[in-house]
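*Asks:* Mind having a look at this structure? Questions to follow.
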Amino acid sequence: MILLLVGYGNLGSAMLSAWIDRALSEGDELIVVEPNDELREKASRCVATVYKSVQEIPEGVSPDLIVFSVKPEIVRNLLPSYLRFVQGGLFLSLAAGISIETFEEILGKEAAVVRCMVNTPASIGEGMMVFCANDNVSEEAEQLVSHLLAANGKVARLETEELMDAVTAVSGSGPAYVFHFIECLIAAGVKAGMCHELSTTLVLQTVYGAASLAAARQVGPEELRQRVTSPDGTTAAALAVLMAESGLQELVSEAVLAAKQRSIELA
(Lines give C-alpha, C1' and ligand atoms only; values in the text may rest on other atoms or scores of the structure.)
Protein backbone atom coordinates (compact mmCIF):
# COMPACT_ATOMS: atom_id res chain seq x y z
CA MET A 1 0.00 0.00 0.00
CA ILE A 2 1.09 3.54 -0.75
CA LEU A 3 -0.17 5.98 1.88
CA LEU A 4 -0.05 9.72 1.25
CA LEU A 5 -0.47 12.01 4.25
CA VAL A 6 -1.30 15.63 3.47
CA GLY A 7 -0.28 17.76 6.45
CA TYR A 8 2.21 16.85 9.15
CA GLY A 9 0.99 19.01 12.03
CA ASN A 10 0.20 17.77 15.52
CA LEU A 11 -2.68 15.53 14.46
CA GLY A 12 -1.13 14.19 11.27
CA SER A 13 2.20 13.35 12.89
CA ALA A 14 0.50 11.67 15.88
CA MET A 15 -1.76 9.58 13.67
CA LEU A 16 1.04 8.51 11.35
CA SER A 17 3.36 7.66 14.23
CA ALA A 18 0.75 5.27 15.66
CA TRP A 19 0.12 3.74 12.24
CA ILE A 20 3.83 3.09 11.73
CA ASP A 21 4.13 1.49 15.17
CA ARG A 22 0.94 -0.55 15.24
CA ALA A 23 -0.88 -0.76 11.92
CA LEU A 24 1.30 -0.60 8.81
CA SER A 25 3.30 -3.43 7.24
CA GLU A 26 6.97 -3.34 6.34
CA GLY A 27 6.26 -3.18 2.63
CA ASP A 28 3.95 -0.18 2.84
CA GLU A 29 5.26 3.05 1.32
CA LEU A 30 4.70 6.37 3.08
CA ILE A 31 4.62 9.81 1.48
CA VAL A 32 4.10 13.13 3.26
CA VAL A 33 3.19 16.46 1.66
CA GLU A 34 3.95 19.35 4.00
CA PRO A 35 4.66 22.97 2.91
CA ASN A 36 6.14 24.05 6.26
CA ASP A 37 9.94 23.66 6.25
CA GLU A 38 10.24 22.80 9.94
CA LEU A 39 7.45 20.23 9.85
CA ARG A 40 8.80 18.77 6.62
CA GLU A 41 12.18 18.28 8.29
CA LYS A 42 10.45 16.59 11.22
CA ALA A 43 8.54 14.29 8.85
CA SER A 44 11.72 13.29 7.04
CA ARG A 45 13.03 11.68 10.24
CA CYS A 46 10.39 8.94 10.11
CA VAL A 47 9.22 8.96 6.49
CA ALA A 48 11.54 8.41 3.55
CA THR A 49 9.61 10.43 0.98
CA VAL A 50 8.60 13.99 1.86
CA TYR A 51 7.46 16.68 -0.56
CA LYS A 52 6.71 20.37 -0.23
CA SER A 53 3.72 20.15 -2.57
CA VAL A 54 1.70 17.51 -4.39
CA GLN A 55 3.08 18.77 -7.70
CA GLU A 56 6.48 17.32 -6.73
CA ILE A 57 5.12 13.77 -6.56
CA PRO A 58 6.20 11.89 -9.72
CA GLU A 59 3.49 11.12 -12.29
CA GLY A 60 3.83 7.34 -11.92
CA VAL A 61 3.06 7.34 -8.20
CA SER A 62 -0.54 6.37 -7.37
CA PRO A 63 -1.36 6.41 -3.65
CA ASP A 64 -3.93 3.88 -2.44
CA LEU A 65 -4.91 6.06 0.53
CA ILE A 66 -4.76 9.86 0.67
CA VAL A 67 -5.21 11.23 4.18
CA PHE A 68 -6.06 14.92 4.65
CA SER A 69 -4.91 16.23 8.03
CA VAL A 70 -5.05 19.97 7.39
CA LYS A 71 -6.97 22.99 8.64
CA PRO A 72 -10.60 22.88 7.41
CA GLU A 73 -10.39 26.31 5.83
CA ILE A 74 -7.75 25.25 3.28
CA VAL A 75 -9.30 21.95 2.16
CA ARG A 76 -11.22 23.47 -0.77
CA ASN A 77 -8.09 25.13 -2.12
CA LEU A 78 -6.01 21.95 -1.83
CA LEU A 79 -8.39 19.34 -3.24
CA PRO A 80 -8.18 20.24 -6.98
CA SER A 81 -4.47 19.37 -6.92
CA TYR A 82 -5.33 15.80 -5.89
CA LEU A 83 -7.76 15.04 -8.72
CA ARG A 84 -5.14 12.83 -10.38
CA PHE A 85 -5.44 10.31 -7.55
CA VAL A 86 -9.23 9.79 -7.70
CA GLN A 87 -8.95 6.67 -9.86
CA GLY A 88 -7.93 3.88 -7.50
CA GLY A 89 -7.38 6.19 -4.50
CA LEU A 90 -9.31 6.33 -1.23
CA PHE A 91 -9.61 9.75 0.41
CA LEU A 92 -9.69 9.89 4.22
CA SER A 93 -10.48 13.32 5.66
CA LEU A 94 -9.56 14.23 9.24
CA ALA A 95 -10.56 17.88 8.67
CA ALA A 96 -13.29 18.89 11.14
CA GLY A 97 -16.52 20.18 9.64
CA ILE A 98 -15.74 19.32 6.02
CA SER A 99 -18.48 17.17 4.52
CA ILE A 100 -18.16 14.26 2.11
CA GLU A 101 -20.24 16.36 -0.29
CA THR A 102 -17.43 18.94 -0.40
CA PHE A 103 -14.97 16.27 -1.53
CA GLU A 104 -17.43 14.93 -4.13
CA GLU A 105 -18.12 18.43 -5.40
CA ILE A 106 -14.44 19.03 -6.17
CA LEU A 107 -13.13 15.51 -6.87
CA GLY A 108 -16.23 14.17 -8.62
CA LYS A 109 -19.07 11.85 -7.63
CA GLU A 110 -16.89 8.79 -8.36
CA ALA A 111 -14.41 9.65 -5.60
CA ALA A 112 -14.21 7.21 -2.67
CA VAL A 113 -14.35 9.34 0.48
CA VAL A 114 -14.25 8.60 4.21
CA ARG A 115 -14.83 11.39 6.72
CA CYS A 116 -13.48 10.93 10.23
CA MET A 117 -13.78 12.93 13.45
CA VAL A 118 -10.70 12.44 15.62
CA ASN A 119 -10.17 13.88 19.09
CA THR A 120 -6.88 14.91 20.68
CA PRO A 121 -6.33 11.86 22.95
CA ALA A 122 -5.55 10.04 19.69
CA SER A 123 -2.05 11.47 20.11
CA ILE A 124 -1.47 9.02 22.97
CA GLY A 125 -3.47 6.13 21.53
CA GLU A 126 -6.59 6.89 23.59
CA GLY A 127 -8.64 8.77 21.03
CA MET A 128 -12.20 8.37 19.80
CA MET A 129 -12.34 8.04 16.03
CA VAL A 130 -15.78 8.15 14.37
CA PHE A 131 -16.09 7.76 10.61
CA CYS A 132 -18.61 7.53 7.80
CA ALA A 133 -18.15 6.75 4.13
CA ASN A 134 -19.83 7.39 0.80
CA ASP A 135 -21.16 4.60 -1.42
CA ASN A 136 -17.94 4.40 -3.42
CA VAL A 137 -15.99 3.02 -0.45
CA SER A 138 -15.77 -0.77 -0.49
CA GLU A 139 -16.11 -2.98 2.57
CA GLU A 140 -12.43 -3.87 2.25
CA ALA A 141 -11.49 -0.17 2.21
CA GLU A 142 -13.61 0.47 5.32
CA GLN A 143 -11.82 -2.38 7.08
CA LEU A 144 -8.48 -0.80 6.16
CA VAL A 145 -9.59 2.55 7.61
CA SER A 146 -10.85 0.89 10.80
CA HIS A 147 -7.57 -1.00 11.16
CA LEU A 148 -5.50 2.16 10.84
CA LEU A 149 -7.67 4.26 13.15
CA ALA A 150 -7.69 1.55 15.83
CA ALA A 151 -3.98 2.27 16.36
CA ASN A 152 -5.06 5.61 17.86
CA GLY A 153 -7.86 4.43 20.14
CA LYS A 154 -11.49 3.34 19.78
CA VAL A 155 -13.30 3.40 16.45
CA ALA A 156 -17.00 3.76 15.63
CA ARG A 157 -18.73 3.82 12.25
CA LEU A 158 -21.77 5.95 11.43
CA GLU A 159 -24.43 4.78 8.98
CA THR A 160 -25.24 8.39 8.12
CA GLU A 161 -23.14 11.55 7.96
CA GLU A 162 -25.99 13.55 9.52
CA LEU A 163 -24.77 12.55 12.98
CA MET A 164 -21.26 13.89 12.41
CA ASP A 165 -22.08 17.37 13.75
CA ALA A 166 -23.31 15.83 17.01
CA VAL A 167 -20.22 13.59 17.14
CA THR A 168 -18.03 16.66 16.68
CA ALA A 169 -19.82 18.43 19.53
CA VAL A 170 -19.51 15.49 21.93
CA SER A 171 -16.26 13.61 21.26
CA GLY A 172 -14.43 16.03 18.97
CA SER A 173 -14.75 19.03 21.27
CA GLY A 174 -15.35 16.93 24.38
CA PRO A 175 -11.75 16.79 25.61
CA ALA A 176 -11.77 20.59 25.96
CA TYR A 177 -14.84 20.36 28.21
CA VAL A 178 -13.05 17.82 30.40
CA PHE A 179 -9.87 19.92 30.49
CA HIS A 180 -11.88 22.95 31.58
CA PHE A 181 -13.59 20.91 34.31
CA ILE A 182 -10.12 19.86 35.48
CA GLU A 183 -9.06 23.52 35.53
CA CYS A 184 -12.13 24.46 37.56
CA LEU A 185 -11.71 21.61 40.06
CA ILE A 186 -8.04 22.47 40.59
CA ALA A 187 -8.94 26.12 41.19
CA ALA A 188 -11.68 25.05 43.60
CA GLY A 189 -9.18 22.92 45.52
CA VAL A 190 -6.85 25.89 45.83
CA LYS A 191 -9.75 28.08 46.99
CA ALA A 192 -10.56 25.42 49.60
CA GLY A 193 -7.05 25.75 51.05
CA MET A 194 -4.72 23.41 49.15
CA CYS A 195 -1.59 24.47 47.30
CA HIS A 196 -1.82 24.34 43.49
CA GLU A 197 0.53 21.36 43.18
CA LEU A 198 -1.43 19.20 45.63
CA SER A 199 -4.77 20.19 44.13
CA THR A 200 -3.50 19.35 40.64
CA THR A 201 -2.28 15.91 41.74
CA LEU A 202 -5.57 15.10 43.45
CA VAL A 203 -7.71 16.30 40.57
CA LEU A 204 -5.77 14.59 37.77
CA GLN A 205 -5.74 11.23 39.49
CA THR A 206 -9.39 11.55 40.52
CA VAL A 207 -10.52 12.33 36.98
CA TYR A 208 -8.31 9.60 35.52
CA GLY A 209 -9.50 7.04 38.06
CA ALA A 210 -13.16 7.95 37.69
CA ALA A 211 -12.97 7.82 33.88
CA SER A 212 -11.19 4.46 34.04
CA LEU A 213 -13.83 3.09 36.40
CA ALA A 214 -16.65 4.34 34.17
CA ALA A 215 -14.91 2.91 31.07
CA ALA A 216 -14.77 -0.51 32.72
CA ARG A 217 -18.57 -0.53 32.22
CA GLN A 218 -19.35 -2.87 35.07
CA VAL A 219 -22.20 -0.49 35.87
CA GLY A 220 -23.39 2.78 34.36
CA PRO A 221 -22.23 6.26 35.44
CA GLU A 222 -25.53 6.98 37.18
CA GLU A 223 -25.12 3.98 39.49
CA LEU A 224 -21.44 4.82 40.07
CA ARG A 225 -22.48 8.33 41.14
CA GLN A 226 -25.11 6.94 43.48
CA ARG A 227 -22.58 4.57 45.06
CA VAL A 228 -20.31 7.48 45.95
CA THR A 229 -23.18 9.60 47.30
CA SER A 230 -24.13 8.93 50.91
CA PRO A 231 -27.44 10.51 52.03
CA ASP A 232 -26.80 13.92 53.57
CA GLY A 233 -23.03 13.45 53.10
CA THR A 234 -20.37 15.68 51.55
CA THR A 235 -20.92 14.40 48.01
CA ALA A 236 -24.67 14.94 48.31
CA ALA A 237 -24.04 18.55 49.36
CA ALA A 238 -21.87 19.16 46.30
CA LEU A 239 -24.25 17.40 43.89
CA ALA A 240 -27.14 19.51 45.16
CA VAL A 241 -25.31 22.44 43.54
CA LEU A 242 -24.13 20.65 40.37
CA MET A 243 -27.50 18.95 39.74
CA ALA A 244 -29.66 22.01 40.34
CA GLU A 245 -32.11 23.05 37.63
CA SER A 246 -29.59 25.42 36.03
CA GLY A 247 -26.59 23.29 37.00
CA LEU A 248 -24.06 21.19 35.15
CA GLN A 249 -26.50 19.18 32.99
CA GLU A 250 -28.07 22.32 31.58
CA LEU A 251 -24.69 23.94 30.94
CA VAL A 252 -23.27 20.86 29.22
CA SER A 253 -26.38 20.51 27.04
CA GLU A 254 -26.13 24.16 26.00
CA ALA A 255 -22.41 23.75 25.28
CA VAL A 256 -22.90 20.67 23.10
CA LEU A 257 -25.74 22.29 21.15
CA ALA A 258 -23.60 25.40 20.59
CA ALA A 259 -20.74 23.25 19.31
CA LYS A 260 -23.09 21.27 17.06
CA GLN A 261 -24.53 24.47 15.56
CA ARG A 262 -21.03 25.81 14.91
CA SER A 263 -20.08 22.55 13.21
CA ILE A 264 -23.10 22.93 10.92
CA GLU A 265 -22.10 26.51 10.12
CA LEU A 266 -18.50 25.52 9.33
CA ALA A 267 -19.67 22.82 6.95
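Chain identifiers are assigned as A, B, and so on, following the order in which chains appear in the C-alpha coordinates; residues are numbered from 1 within each chain, and ligands are numbered from 1 in order of appearance.
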Excluding same-chain residues fewer than 5 positions from region 169-181 of chain A, what lies within 7 Å of it counting only C-alpha atoms, as a ChimeraX atom specification?
*Replies:* /A:117-119,128,256,259-260
*Asks:* One decimal, Å: what's the distance from CA of His196 (chain A) over to CA of Ala214 (chain A), could you say?
*Replies:*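 Going from CA of His196 (chain A) over to CA of Ala214 (chain A), I get 26.6 Å.
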*Asks:* Measuring between only C-alpha atoms, which one of A:Val219, A:Met164, A:Val207, A:Val190 shows the shortest distance to Gln261 (chain A)?
*Replies:*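 Selected residue with least distance to Gln261 (chain A): A:Met164.
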*Asks:* Could you go through region 100-172 of chain A and tell me which residues DSSP, when run on the backbone, assigns to strand (DSSP E or B), listing them as a ChimeraX atom specification?
*Replies:* /A:112-118,127-133,153-157
*Asks:* Which residues are close to Gln87 (chain A), i.e. within 12 Å by only C-alpha atoms, leaving aside same-chain residues fewer than 3 positions away? Reply as a ChimeraX atom specification.
*Replies:* /A:62-66,82-84,90-91,107-113,136
*Asks:* Give me the residues within 8 Å of region 149-163 of chain A as a PyMOL selection string, counting only C-alpha atoms and dropping any in the same chain fewer than 6 places off.
*Replies:* chain A and resi 15+18-19+22-23+122-133
*Asks:* What lies within 9 Å of Arg76 (chain A) using only C-alpha atoms, ignoring chain neighbours under 2 positions off, as an mmCIF file with N, CA and C atoms, in the first residue's frame?
*Replies:*
```cif
data_model
loop_
_atom_site.group_PDB
_atom_site.id
_atom_site.type_symbol
_atom_site.label_atom_id
_atom_site.label_comp_id
_atom_site.auth_asym_id
_atom_site.auth_seq_id
_atom_site.Cartn_x
_atom_site.Cartn_y
_atom_site.Cartn_z
ATOM 1 N N PRO A 72 -9.389 22.948 8.246
ATOM 2 C CA PRO A 72 -10.598 22.877 7.406
ATOM 3 C C PRO A 72 -10.693 23.985 6.365
ATOM 4 N N GLU A 73 -10.213 25.164 6.727
ATOM 5 C CA GLU A 73 -10.393 26.313 5.826
ATOM 6 C C GLU A 73 -9.553 26.239 4.553
ATOM 7 N N ILE A 74 -8.581 25.331 4.492
ATOM 8 C CA ILE A 74 -7.748 25.250 3.284
ATOM 9 C C ILE A 74 -8.054 24.017 2.429
ATOM 10 N N LEU A 78 -6.961 23.033 -1.596
ATOM 11 C CA LEU A 78 -6.012 21.948 -1.830
ATOM 12 C C LEU A 78 -6.547 20.845 -2.739
ATOM 13 N N LEU A 79 -7.830 20.523 -2.584
ATOM 14 C CA LEU A 79 -8.394 19.342 -3.239
ATOM 15 C C LEU A 79 -8.190 19.263 -4.759
ATOM 16 N N PRO A 80 -8.347 20.362 -5.516
ATOM 17 C CA PRO A 80 -8.181 20.240 -6.975
ATOM 18 C C PRO A 80 -6.832 19.661 -7.386
ATOM 19 N N THR A 102 -18.466 17.997 0.038
ATOM 20 C CA THR A 102 -17.434 18.938 -0.404
ATOM 21 C C THR A 102 -16.372 18.222 -1.233
ATOM 22 N N PHE A 103 -15.953 17.048 -0.770
ATOM 23 C CA PHE A 103 -14.973 16.266 -1.528
ATOM 24 C C PHE A 103 -15.545 15.832 -2.878
ATOM 25 N N ILE A 106 -15.707 18.629 -5.550
ATOM 26 C CA ILE A 106 -14.442 19.030 -6.172
ATOM 27 C C ILE A 106 -13.768 17.864 -6.897
#
```
*Asks:* Identify which of the residues A:Gln218, A:Glu101, A:Val6, A:Val67 lies closest to Val145 (chain A), counting only C-alpha atoms when measuring atom-to-atom distances.
*Replies:*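 Answer, going by the shortest atom-to-atom distance: A:Val67.
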